[in-house]
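What follows is the content of input_19.txt (compact mmCIF, C-alpha atoms).
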```txt
# COMPACT_ATOMS: atom_id res chain seq x y z
CA MET A 1 0.00 0.00 0.00
CA SER A 2 1.20 3.48 -0.78
CA SER A 3 2.36 5.41 2.25
CA THR A 4 1.54 8.70 0.55
CA ARG A 5 -1.94 7.55 -0.51
CA GLU A 6 -1.68 9.00 -4.01
CA ARG A 7 -5.13 9.44 -5.54
CA ILE A 8 -5.39 7.52 -8.80
CA GLY A 9 -7.53 8.42 -11.80
CA ILE A 10 -8.06 6.00 -14.68
CA VAL A 11 -9.35 6.80 -18.16
CA GLY A 12 -10.08 3.66 -20.17
CA VAL A 13 -11.51 0.87 -18.03
CA GLY A 14 -11.74 -1.64 -20.88
CA LEU A 15 -10.40 -5.16 -21.29
CA MET A 16 -6.97 -4.24 -19.94
CA GLY A 17 -7.79 -1.12 -17.94
CA HIS A 18 -10.43 -2.88 -15.84
CA GLY A 19 -7.91 -5.39 -14.48
CA ILE A 20 -5.35 -2.65 -13.88
CA ALA A 21 -7.90 -0.55 -11.99
CA LYS A 22 -9.08 -3.52 -9.93
CA ASN A 23 -5.57 -4.35 -8.77
CA ILE A 24 -4.68 -0.75 -7.90
CA ILE A 25 -7.78 -0.24 -5.76
CA GLU A 26 -7.26 -3.59 -4.06
CA ALA A 27 -3.80 -2.31 -3.06
CA GLY A 28 -5.47 0.48 -1.13
CA TYR A 29 -5.15 3.47 -3.44
CA PRO A 30 -8.09 5.92 -3.60
CA MET A 31 -9.45 5.83 -7.16
CA THR A 32 -11.71 7.65 -9.59
CA VAL A 33 -12.62 6.13 -12.94
CA MET A 34 -13.85 7.89 -16.04
CA GLY A 35 -17.42 7.06 -17.05
CA HIS A 36 -17.94 5.13 -20.28
CA ARG A 37 -20.86 3.82 -22.32
CA ASN A 38 -19.89 0.27 -21.29
CA ARG A 39 -21.24 0.39 -17.76
CA ALA A 40 -20.25 -3.10 -16.56
CA PRO A 41 -16.60 -2.35 -15.61
CA ILE A 42 -17.54 1.09 -14.28
CA ASP A 43 -20.24 -0.38 -12.04
CA ASP A 44 -17.83 -3.08 -10.88
CA MET A 45 -15.22 -0.51 -9.92
CA ARG A 46 -17.81 1.58 -8.08
CA GLN A 47 -18.78 -1.48 -6.08
CA ARG A 48 -15.11 -1.87 -5.18
CA GLY A 49 -15.05 1.68 -3.82
CA ALA A 50 -13.98 3.81 -6.78
CA GLY A 51 -15.53 7.16 -7.51
CA GLU A 52 -16.77 8.07 -10.99
CA ALA A 53 -16.06 11.21 -13.01
CA ASP A 54 -18.17 12.24 -15.99
CA THR A 55 -15.46 14.41 -17.54
CA VAL A 56 -11.68 14.65 -17.68
CA THR A 57 -11.96 17.94 -15.79
CA GLN A 58 -13.72 16.22 -12.89
CA LEU A 59 -11.19 13.38 -12.91
CA ALA A 60 -8.19 15.74 -12.91
CA ALA A 61 -9.59 17.68 -9.97
CA VAL A 62 -9.49 14.64 -7.67
CA SER A 63 -6.48 12.69 -9.02
CA ASP A 64 -2.76 13.00 -8.33
CA ILE A 65 -1.74 10.38 -10.89
CA VAL A 66 -3.80 9.63 -14.00
CA PHE A 67 -3.47 6.32 -15.85
CA LEU A 68 -4.56 6.16 -19.50
CA CYS A 69 -5.51 2.92 -21.22
CA LEU A 70 -6.93 4.10 -24.53
CA PRO A 71 -7.06 2.92 -28.18
CA GLY A 72 -4.22 5.12 -29.45
CA SER A 73 -2.53 8.50 -29.75
CA PRO A 74 -5.56 10.53 -30.95
CA GLN A 75 -7.55 9.62 -27.85
CA VAL A 76 -4.56 10.14 -25.55
CA GLU A 77 -3.89 13.55 -27.06
CA VAL A 78 -7.48 14.66 -26.36
CA VAL A 79 -7.33 13.62 -22.71
CA VAL A 80 -3.85 15.03 -22.05
CA THR A 81 -4.74 18.32 -23.72
CA GLN A 82 -7.73 18.65 -21.39
CA ILE A 83 -5.62 17.84 -18.34
CA LEU A 84 -3.10 20.48 -19.40
CA LYS A 85 -5.92 22.97 -19.75
CA ASP A 86 -7.43 22.22 -16.34
CA LYS A 87 -4.27 21.07 -14.47
CA GLY A 88 -6.37 20.13 -11.44
CA ALA A 89 -4.37 18.13 -8.91
CA VAL A 90 -2.52 16.00 -11.45
CA HIS A 91 1.27 15.79 -11.14
CA THR A 92 1.87 12.60 -13.18
CA ILE A 93 0.31 10.96 -16.23
CA VAL A 94 1.05 7.29 -16.98
CA ASP A 95 0.06 6.25 -20.49
CA CYS A 96 -0.50 2.48 -20.77
CA SER A 97 -1.89 2.74 -24.31
CA THR A 98 0.04 1.68 -27.41
CA CYS A 99 0.90 5.01 -28.99
CA ASP A 100 3.06 6.81 -31.52
CA PRO A 101 6.35 7.68 -29.76
CA VAL A 102 6.57 10.91 -31.77
CA SER A 103 3.27 12.03 -30.21
CA THR A 104 4.35 10.74 -26.81
CA ARG A 105 7.51 12.83 -26.75
CA SER A 106 5.57 15.91 -27.82
CA LEU A 107 2.97 15.40 -25.07
CA ALA A 108 5.69 14.81 -22.49
CA LYS A 109 7.37 18.09 -23.42
CA ALA A 110 4.09 19.99 -23.05
CA CYS A 111 3.41 18.31 -19.70
CA ASN A 112 6.88 19.02 -18.35
CA GLU A 113 6.48 22.71 -19.18
CA VAL A 114 3.64 22.95 -16.65
CA GLY A 115 5.18 20.65 -14.04
CA ILE A 116 3.42 17.39 -14.92
CA ALA A 117 5.54 14.25 -15.33
CA PHE A 118 4.70 11.98 -18.26
CA VAL A 119 5.47 8.26 -18.25
CA ASP A 120 4.77 5.78 -21.05
CA ALA A 121 4.11 2.26 -19.77
CA PRO A 122 2.52 0.19 -22.55
CA LEU A 123 1.36 -3.34 -21.84
CA ALA A 124 2.09 -6.88 -22.93
CA ARG A 125 0.13 -10.10 -22.30
CA THR A 126 -3.67 -10.36 -22.09
CA PRO A 127 -6.75 -9.28 -20.10
CA LYS A 128 -6.39 -12.49 -18.07
CA GLU A 129 -2.98 -11.37 -16.80
CA ALA A 130 -4.33 -7.84 -16.29
CA TRP A 131 -6.95 -9.24 -13.94
CA GLU A 132 -4.38 -11.40 -12.15
CA GLY A 133 -1.92 -8.49 -11.77
CA GLN A 134 0.67 -10.22 -13.95
CA LEU A 135 1.02 -7.95 -16.98
CA ASP A 136 4.35 -6.98 -18.50
CA THR A 137 5.09 -3.30 -18.94
CA MET A 138 7.87 -1.47 -20.78
CA VAL A 139 8.42 1.91 -19.14
CA GLY A 140 9.78 5.10 -20.64
CA ALA A 141 10.56 7.59 -17.87
CA SER A 142 13.30 9.46 -16.07
CA GLU A 143 14.85 7.49 -13.23
CA ALA A 144 13.14 9.72 -10.68
CA ASP A 145 9.69 9.44 -12.26
CA PHE A 146 10.09 5.68 -12.62
CA ALA A 147 10.95 5.34 -8.93
CA ARG A 148 7.81 7.26 -7.98
CA VAL A 149 5.37 5.24 -10.08
CA GLU A 150 6.99 1.80 -9.75
CA PRO A 151 5.11 0.89 -6.54
CA ILE A 152 1.81 1.45 -8.34
CA LEU A 153 2.95 -0.44 -11.42
CA LYS A 154 3.76 -3.39 -9.14
CA CYS A 155 0.06 -3.60 -8.24
CA TRP A 156 -0.78 -4.88 -11.72
CA ALA A 157 2.48 -5.91 -13.41
CA GLY A 158 4.55 -9.01 -12.74
CA ARG A 159 7.36 -7.85 -15.01
CA ILE A 160 8.40 -4.19 -15.11
CA MET A 161 11.21 -3.01 -17.36
CA ARG A 162 12.46 0.57 -17.53
CA VAL A 163 13.68 0.70 -21.13
CA GLY A 164 14.79 4.32 -21.33
CA GLU A 165 13.55 7.89 -21.23
CA VAL A 166 10.04 9.05 -22.18
CA GLY A 167 8.98 7.56 -25.52
CA ALA A 168 11.18 4.49 -25.18
CA GLY A 169 8.33 2.45 -23.71
CA HIS A 170 6.10 3.06 -26.71
CA THR A 171 9.03 2.49 -29.06
CA VAL A 172 9.81 -0.92 -27.56
CA LYS A 173 6.12 -1.84 -27.57
CA LEU A 174 5.88 -1.10 -31.30
CA LEU A 175 9.04 -3.09 -31.99
CA ASN A 176 7.59 -6.00 -30.02
CA ASN A 177 4.31 -5.79 -31.93
CA PHE A 178 6.17 -5.56 -35.24
CA VAL A 179 7.79 -8.92 -34.50
CA ALA A 180 4.46 -10.51 -33.53
CA LEU A 181 2.45 -9.02 -36.39
CA GLY A 182 5.23 -9.83 -38.83
CA TYR A 183 4.90 -13.46 -37.80
CA ALA A 184 1.12 -13.24 -38.26
CA ALA A 185 1.51 -12.01 -41.84
CA LEU A 186 4.14 -14.69 -42.46
CA TYR A 187 2.00 -17.49 -41.02
CA ALA A 188 -1.03 -16.41 -43.07
CA GLU A 189 0.90 -16.57 -46.33
CA VAL A 190 2.59 -19.85 -45.38
CA LEU A 191 -0.80 -21.47 -44.76
CA ALA A 192 -2.17 -20.17 -48.07
CA ILE A 193 0.80 -21.51 -50.04
CA GLY A 194 0.54 -24.80 -48.22
CA ALA A 195 -3.21 -25.11 -48.80
CA ARG A 196 -2.81 -24.49 -52.53
CA ASN A 197 -0.25 -27.28 -52.62
CA GLY A 198 -2.08 -29.87 -50.57
CA VAL A 199 -0.57 -29.19 -47.12
CA GLU A 200 -3.14 -28.57 -44.40
CA ALA A 201 -2.63 -26.11 -41.55
CA ALA A 202 -2.68 -28.96 -39.03
CA THR A 203 0.22 -30.63 -40.83
CA PHE A 204 2.25 -27.42 -40.81
CA ARG A 205 1.55 -26.91 -37.10
CA GLY A 206 2.77 -30.43 -36.43
CA ILE A 207 6.08 -29.67 -38.15
CA ILE A 208 6.76 -26.47 -36.18
CA ASP A 209 5.27 -27.62 -32.87
CA GLY A 210 8.02 -28.21 -30.32
CA GLY A 211 10.81 -27.19 -32.70
CA ARG A 212 13.14 -24.20 -32.81
CA MET A 213 10.55 -22.01 -34.56
CA ASP A 214 7.78 -22.73 -32.06
CA CYS A 215 6.61 -19.93 -29.75
CA GLY A 216 3.57 -18.84 -27.78
CA PHE A 217 2.36 -16.60 -30.59
CA PHE A 218 2.57 -19.47 -33.08
CA GLN A 219 0.46 -21.60 -30.76
CA THR A 220 -2.31 -19.02 -30.34
CA PHE A 221 -2.33 -18.29 -34.06
CA MET A 222 -2.74 -21.99 -34.83
CA GLN A 223 -5.41 -22.40 -32.18
CA TYR A 224 -7.56 -20.39 -34.55
CA ALA A 225 -6.12 -21.46 -37.91
CA VAL A 226 -6.40 -25.17 -37.06
CA ASP A 227 -8.76 -25.51 -34.06
CA ARG A 228 -11.01 -22.57 -35.02
CA ASN A 229 -10.89 -21.05 -31.54
CA ARG A 230 -12.05 -17.51 -32.33
CA ASP A 231 -10.92 -16.21 -28.94
CA ALA A 232 -7.37 -17.59 -29.06
CA HIS A 233 -5.88 -14.12 -29.61
CA LYS A 234 -8.36 -11.28 -29.02
CA PHE A 235 -6.48 -8.47 -30.74
CA THR A 236 -8.24 -6.88 -33.68
CA LEU A 237 -6.87 -6.44 -37.17
CA ARG A 238 -7.81 -2.76 -36.87
CA ASN A 239 -5.54 -2.35 -33.84
CA ALA A 240 -2.80 -4.29 -35.62
CA HIS A 241 -3.03 -1.91 -38.57
CA LYS A 242 -2.89 1.06 -36.20
CA ASP A 243 0.24 -0.24 -34.49
CA MET A 244 1.97 -0.89 -37.80
CA ARG A 245 1.09 2.63 -39.01
CA TYR A 246 2.76 4.00 -35.89
CA LEU A 247 5.80 1.76 -36.47
CA THR A 248 6.26 2.75 -40.12
CA GLY A 249 5.73 6.40 -39.17
CA LEU A 250 8.42 6.10 -36.51
CA ALA A 251 10.77 4.49 -39.02
CA SER A 252 10.13 7.31 -41.48
CA GLU A 253 10.65 9.98 -38.82
CA SER A 254 13.91 8.22 -37.89
CA GLY A 255 15.15 8.08 -41.49
CA ILE A 256 15.05 4.26 -41.56
CA ALA A 257 14.11 2.37 -44.73
CA SER A 258 11.26 0.07 -43.67
CA HIS A 259 10.67 -2.47 -46.42
CA MET A 260 9.56 -5.25 -44.08
CA ALA A 261 7.46 -3.03 -41.82
CA SER A 262 5.66 -1.48 -44.77
CA SER A 263 4.86 -4.89 -46.19
CA VAL A 264 3.47 -6.11 -42.86
CA LYS A 265 1.46 -2.90 -42.45
CA ASN A 266 -0.07 -3.40 -45.89
CA SER A 267 -1.28 -6.88 -44.91
CA PHE A 268 -3.33 -5.37 -42.10
CA ALA A 269 -4.33 -2.32 -44.14
CA THR A 270 -5.82 -4.69 -46.71
CA ALA A 271 -7.71 -6.61 -44.02
CA GLU A 272 -9.22 -3.44 -42.59
CA GLY A 273 -9.82 -1.98 -46.04
CA ILE A 274 -12.05 -4.91 -47.05
CA GLY A 275 -14.15 -4.52 -43.91
CA ARG A 276 -12.52 -7.10 -41.64
CA GLY A 277 -11.02 -4.72 -39.08
CA ASP A 278 -13.04 -6.15 -36.19
CA ASP A 279 -11.76 -9.68 -36.83
CA TYR A 280 -8.87 -10.92 -34.70
CA VAL A 281 -5.26 -11.21 -35.85
CA PRO A 282 -5.21 -15.00 -36.49
CA MET A 283 -8.17 -14.53 -38.84
CA LEU A 284 -5.71 -12.94 -41.25
CA ALA A 285 -5.12 -16.53 -42.36
CA ASP A 286 -8.70 -16.71 -43.67
CA ILE A 287 -8.41 -13.35 -45.39
CA VAL A 288 -5.19 -14.19 -47.21
CA ALA A 289 -6.72 -17.51 -48.28
CA GLU A 290 -9.88 -15.82 -49.56
CA LEU A 291 -7.97 -13.14 -51.44
CA ASN A 292 -6.07 -15.91 -53.20
CA GLY A 293 -9.23 -17.79 -54.11
CA ILE A 294 -8.47 -20.71 -51.82
CA THR A 295 -11.56 -22.77 -51.04
CA ARG A 296 -12.43 -24.50 -47.81
CA LYS A 297 -11.76 -27.81 -49.53
CA GLU A 298 -8.20 -26.70 -50.23
CA GLU A 299 -7.76 -25.52 -46.64
CA GLY A 300 -9.05 -28.83 -45.30
CA ASP A 301 -12.13 -29.23 -43.13
CA ARG A 302 -10.92 -27.60 -39.93
CA ALA A 303 -14.28 -26.48 -38.58
```
Could you write out this structure as structure tokens?
Amino acid sequence: MSSTRERIGIVGVGLMGHGIAKNIIEAGYPMTVMGHRNRAPIDDMRQRGAGEADTVTQLAAVSDIVFLCLPGSPQVEVVVTQILKDKGAVHTIVDCSTCDPVSTRSLAKACNEVGIAFVDAPLARTPKEAWEGQLDTMVGASEADFARVEPILKCWAGRIMRVGEVGAGHTVKLLNNFVALGYAALYAEVLAIGARNGVEAATFRGIIDGGRMDCGFFQTFMQYAVDRNRDAHKFTLRNAHKDMRYLTGLASESGIASHMASSVKNSFATAEGIGRGDDYVPMLADIVAELNGITRKEEGDRA
């Protein structure tokens, strides 16, 4: 429990934010959550003792540290801009969203000019680990700011890594997602080529399973591609496209040629462009198959 009893505000009590909020309040921190049209997590947090704010202005007035768990940079920019306008009691903002590091560094500069610390602490793992307080987080912050927020991060994270100054957390998160989403694009094409040539997805999984190229992401991808478990990896193609846009933008801003990143981004851009943005990442396998005219017979009866 915090000896200083910092008052915590949270904007974004969704799949990940709900678990984060639950663990912080259970550690004894006073909390206010931002109202949302999805009432279930808000009502749950109120039952656990959290207050509710209808606006960012109300939240900032009663919060020392504000955690953000939002879809991306546009939403974060709106909230931070309002906090900067109101100031309220806020002295630290911790952004757990996956955001554009270019935007993050700009927001941090604006916050620092008015005496507000900005920390980027994006997340890894799933809502299950969020609920259990076992998320991973990659933190971009000064050493002093990291020391101040680390006790609160420990409420909901089992693995905490300070990876550099502000913006480094979001940079590492995008690099991590690039690796994962690159594998997703690779797997989808591999399965399409295999299907066209008489090799079923189950056969390919059997070859990789337990070998040097096996990994947790491969297993969840194949849980959908082979076993048809739609909930094996609940991360939407729309969010994947967003993350890859941020990554290619960062590469461009850094003067880095990004042939691979651009190709991976285009895989997800295509999926969203044809109206499949709400599907989950492993479903890219179906989309690549369909775009190549591969029939269910060719894929094998995996249903």
### Task
Return the single residue from A:Leu135, A:Ala285, A:Val78, A:Ile256 that is closest to Gln223 (chain A), with distances computed using only C-alpha atoms.
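Checking each of A:Leu135, A:Ala285, A:Val78, A:Ile256 against Gln223 (chain A), counting only C-alpha atoms, the winner is A:Ala285.
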### Task
Find the residue from A:Ser73, A:Thr295, A:Ser258, A:Ile65 that sits nearest to Gly198 (chain A); use all atoms listed in the file when measuring.
A:Thr295
#### Entry: Residue nearest Thr81 (chain A) - candidates A:Asn239, A:Ser142, A:Ser262, A:Thr57, atoms counted: only C-alpha atoms
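Among the listed residues, the smallest separation from Thr81 (chain A) belongs to A:Thr57.
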### Message
Just to confirm, what's the straight-line distance from CA of Ala141 (chain A) to CA of Asn23 (chain A) in Å (one decimal)?
### Response
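Between these atoms lies a distance of 22.0 Å.
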### Query
Given the choices A:Ile10, A:Leu237, A:Ala110, A:Met45, which gets closest to Lys85 (chain A) if the distance is worked out from all atoms listed in the file?
A:Ala110
Where atoms are lacking, region 30-41 of chain A completed to all heavy atoms, as an mmCIF file, keeping the file's coordinate frame:
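Now in result_6.cif:
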```
data_model
loop_
_atom_site.group_PDB
_atom_site.id
_atom_site.type_symbol
_atom_site.label_atom_id
_atom_site.label_comp_id
_atom_site.auth_asym_id
_atom_site.auth_seq_id
_atom_site.Cartn_x
_atom_site.Cartn_y
_atom_site.Cartn_z
ATOM 1 N N PRO A 30 -6.817 5.268 -3.249
ATOM 2 C CA PRO A 30 -8.090 5.920 -3.600
ATOM 3 C C PRO A 30 -8.169 6.067 -5.119
ATOM 4 O O PRO A 30 -7.157 6.371 -5.764
ATOM 5 C CB PRO A 30 -8.007 7.284 -2.916
ATOM 6 C CG PRO A 30 -6.905 7.166 -1.911
ATOM 7 C CD PRO A 30 -5.952 6.150 -2.449
ATOM 8 N N MET A 31 -9.345 5.868 -5.693
ATOM 9 C CA MET A 31 -9.450 5.830 -7.160
ATOM 10 C C MET A 31 -10.717 6.495 -7.657
ATOM 11 O O MET A 31 -11.785 6.403 -7.043
ATOM 12 C CB MET A 31 -9.416 4.383 -7.661
ATOM 13 C CG MET A 31 -9.563 4.231 -9.161
ATOM 14 S SD MET A 31 -9.412 2.510 -9.656
ATOM 15 C CE MET A 31 -7.668 2.258 -9.309
ATOM 16 N N THR A 32 -10.567 7.134 -8.829
ATOM 17 C CA THR A 32 -11.710 7.650 -9.590
ATOM 18 C C THR A 32 -11.561 7.152 -11.016
ATOM 19 O O THR A 32 -10.474 7.225 -11.592
ATOM 20 C CB THR A 32 -11.735 9.186 -9.583
ATOM 21 O OG1 THR A 32 -11.761 9.662 -8.228
ATOM 22 C CG2 THR A 32 -12.963 9.705 -10.325
ATOM 23 N N VAL A 33 -12.651 6.627 -11.562
ATOM 24 C CA VAL A 33 -12.620 6.130 -12.940
ATOM 25 C C VAL A 33 -13.483 7.028 -13.810
ATOM 26 O O VAL A 33 -14.437 7.639 -13.341
ATOM 27 C CB VAL A 33 -13.104 4.673 -13.033
ATOM 28 C CG1 VAL A 33 -12.153 3.748 -12.299
ATOM 29 C CG2 VAL A 33 -14.521 4.511 -12.497
ATOM 30 N N MET A 34 -13.113 7.100 -15.069
ATOM 31 C CA MET A 34 -13.850 7.890 -16.040
ATOM 32 C C MET A 34 -15.035 7.102 -16.561
ATOM 33 O O MET A 34 -14.894 5.951 -16.955
ATOM 34 C CB MET A 34 -12.914 8.251 -17.205
ATOM 35 C CG MET A 34 -13.550 9.139 -18.256
ATOM 36 S SD MET A 34 -13.556 10.863 -17.766
ATOM 37 C CE MET A 34 -14.085 11.590 -19.312
ATOM 38 N N GLY A 35 -16.221 7.713 -16.536
ATOM 39 C CA GLY A 35 -17.420 7.060 -17.050
ATOM 40 C C GLY A 35 -17.290 6.692 -18.504
ATOM 41 O O GLY A 35 -16.552 7.314 -19.268
ATOM 42 N N HIS A 36 -18.017 5.642 -18.912
ATOM 43 C CA HIS A 36 -17.940 5.130 -20.280
ATOM 44 C C HIS A 36 -19.283 4.504 -20.615
ATOM 45 O O HIS A 36 -20.052 4.101 -19.738
ATOM 46 C CB HIS A 36 -16.817 4.095 -20.385
ATOM 47 C CG HIS A 36 -16.489 3.684 -21.791
ATOM 48 N ND1 HIS A 36 -17.086 2.606 -22.398
ATOM 49 C CD2 HIS A 36 -15.637 4.211 -22.700
ATOM 50 C CE1 HIS A 36 -16.611 2.491 -23.629
ATOM 51 N NE2 HIS A 36 -15.723 3.445 -23.832
ATOM 52 N N ARG A 37 -19.566 4.389 -21.907
ATOM 53 C CA ARG A 37 -20.860 3.820 -22.320
ATOM 54 C C ARG A 37 -20.991 2.353 -21.920
ATOM 55 O O ARG A 37 -22.092 1.849 -21.738
ATOM 56 C CB ARG A 37 -21.055 3.970 -23.832
ATOM 57 C CG ARG A 37 -20.031 3.253 -24.691
ATOM 58 C CD ARG A 37 -20.309 3.488 -26.172
ATOM 59 N NE ARG A 37 -19.320 2.833 -27.021
ATOM 60 C CZ ARG A 37 -18.161 3.350 -27.361
ATOM 61 N NH1 ARG A 37 -17.838 4.557 -26.910
ATOM 62 N NH2 ARG A 37 -17.312 2.703 -28.136
ATOM 63 N N ASN A 38 -19.853 1.645 -21.785
ATOM 64 C CA ASN A 38 -19.890 0.270 -21.290
ATOM 65 C C ASN A 38 -19.915 0.341 -19.763
ATOM 66 O O ASN A 38 -18.882 0.534 -19.117
ATOM 67 C CB ASN A 38 -18.676 -0.518 -21.781
ATOM 68 C CG ASN A 38 -18.667 -1.952 -21.276
ATOM 69 O OD1 ASN A 38 -19.635 -2.419 -20.676
ATOM 70 N ND2 ASN A 38 -17.579 -2.654 -21.513
ATOM 71 N N ARG A 39 -21.075 0.162 -19.180
ATOM 72 C CA ARG A 39 -21.240 0.390 -17.760
ATOM 73 C C ARG A 39 -20.709 -0.745 -16.883
ATOM 74 O O ARG A 39 -20.413 -0.535 -15.706
ATOM 75 C CB ARG A 39 -22.726 0.596 -17.448
ATOM 76 C CG ARG A 39 -23.303 1.879 -18.023
ATOM 77 C CD ARG A 39 -22.593 3.117 -17.536
ATOM 78 N NE ARG A 39 -22.538 3.197 -16.092
ATOM 79 C CZ ARG A 39 -21.855 4.121 -15.427
ATOM 80 N NH1 ARG A 39 -21.160 5.034 -16.087
ATOM 81 N NH2 ARG A 39 -21.857 4.142 -14.106
ATOM 82 N N ALA A 40 -20.593 -1.957 -17.415
ATOM 83 C CA ALA A 40 -20.250 -3.100 -16.560
ATOM 84 C C ALA A 40 -18.954 -2.893 -15.769
ATOM 85 O O ALA A 40 -18.952 -3.050 -14.534
ATOM 86 C CB ALA A 40 -20.183 -4.374 -17.391
ATOM 87 N N PRO A 41 -17.818 -2.533 -16.413
ATOM 88 C CA PRO A 41 -16.600 -2.350 -15.610
ATOM 89 C C PRO A 41 -16.671 -1.131 -14.697
ATOM 90 O O PRO A 41 -16.104 -1.151 -13.602
ATOM 91 C CB PRO A 41 -15.498 -2.181 -16.669
ATOM 92 C CG PRO A 41 -16.202 -1.768 -17.916
ATOM 93 C CD PRO A 41 -17.548 -2.412 -17.857
#
```
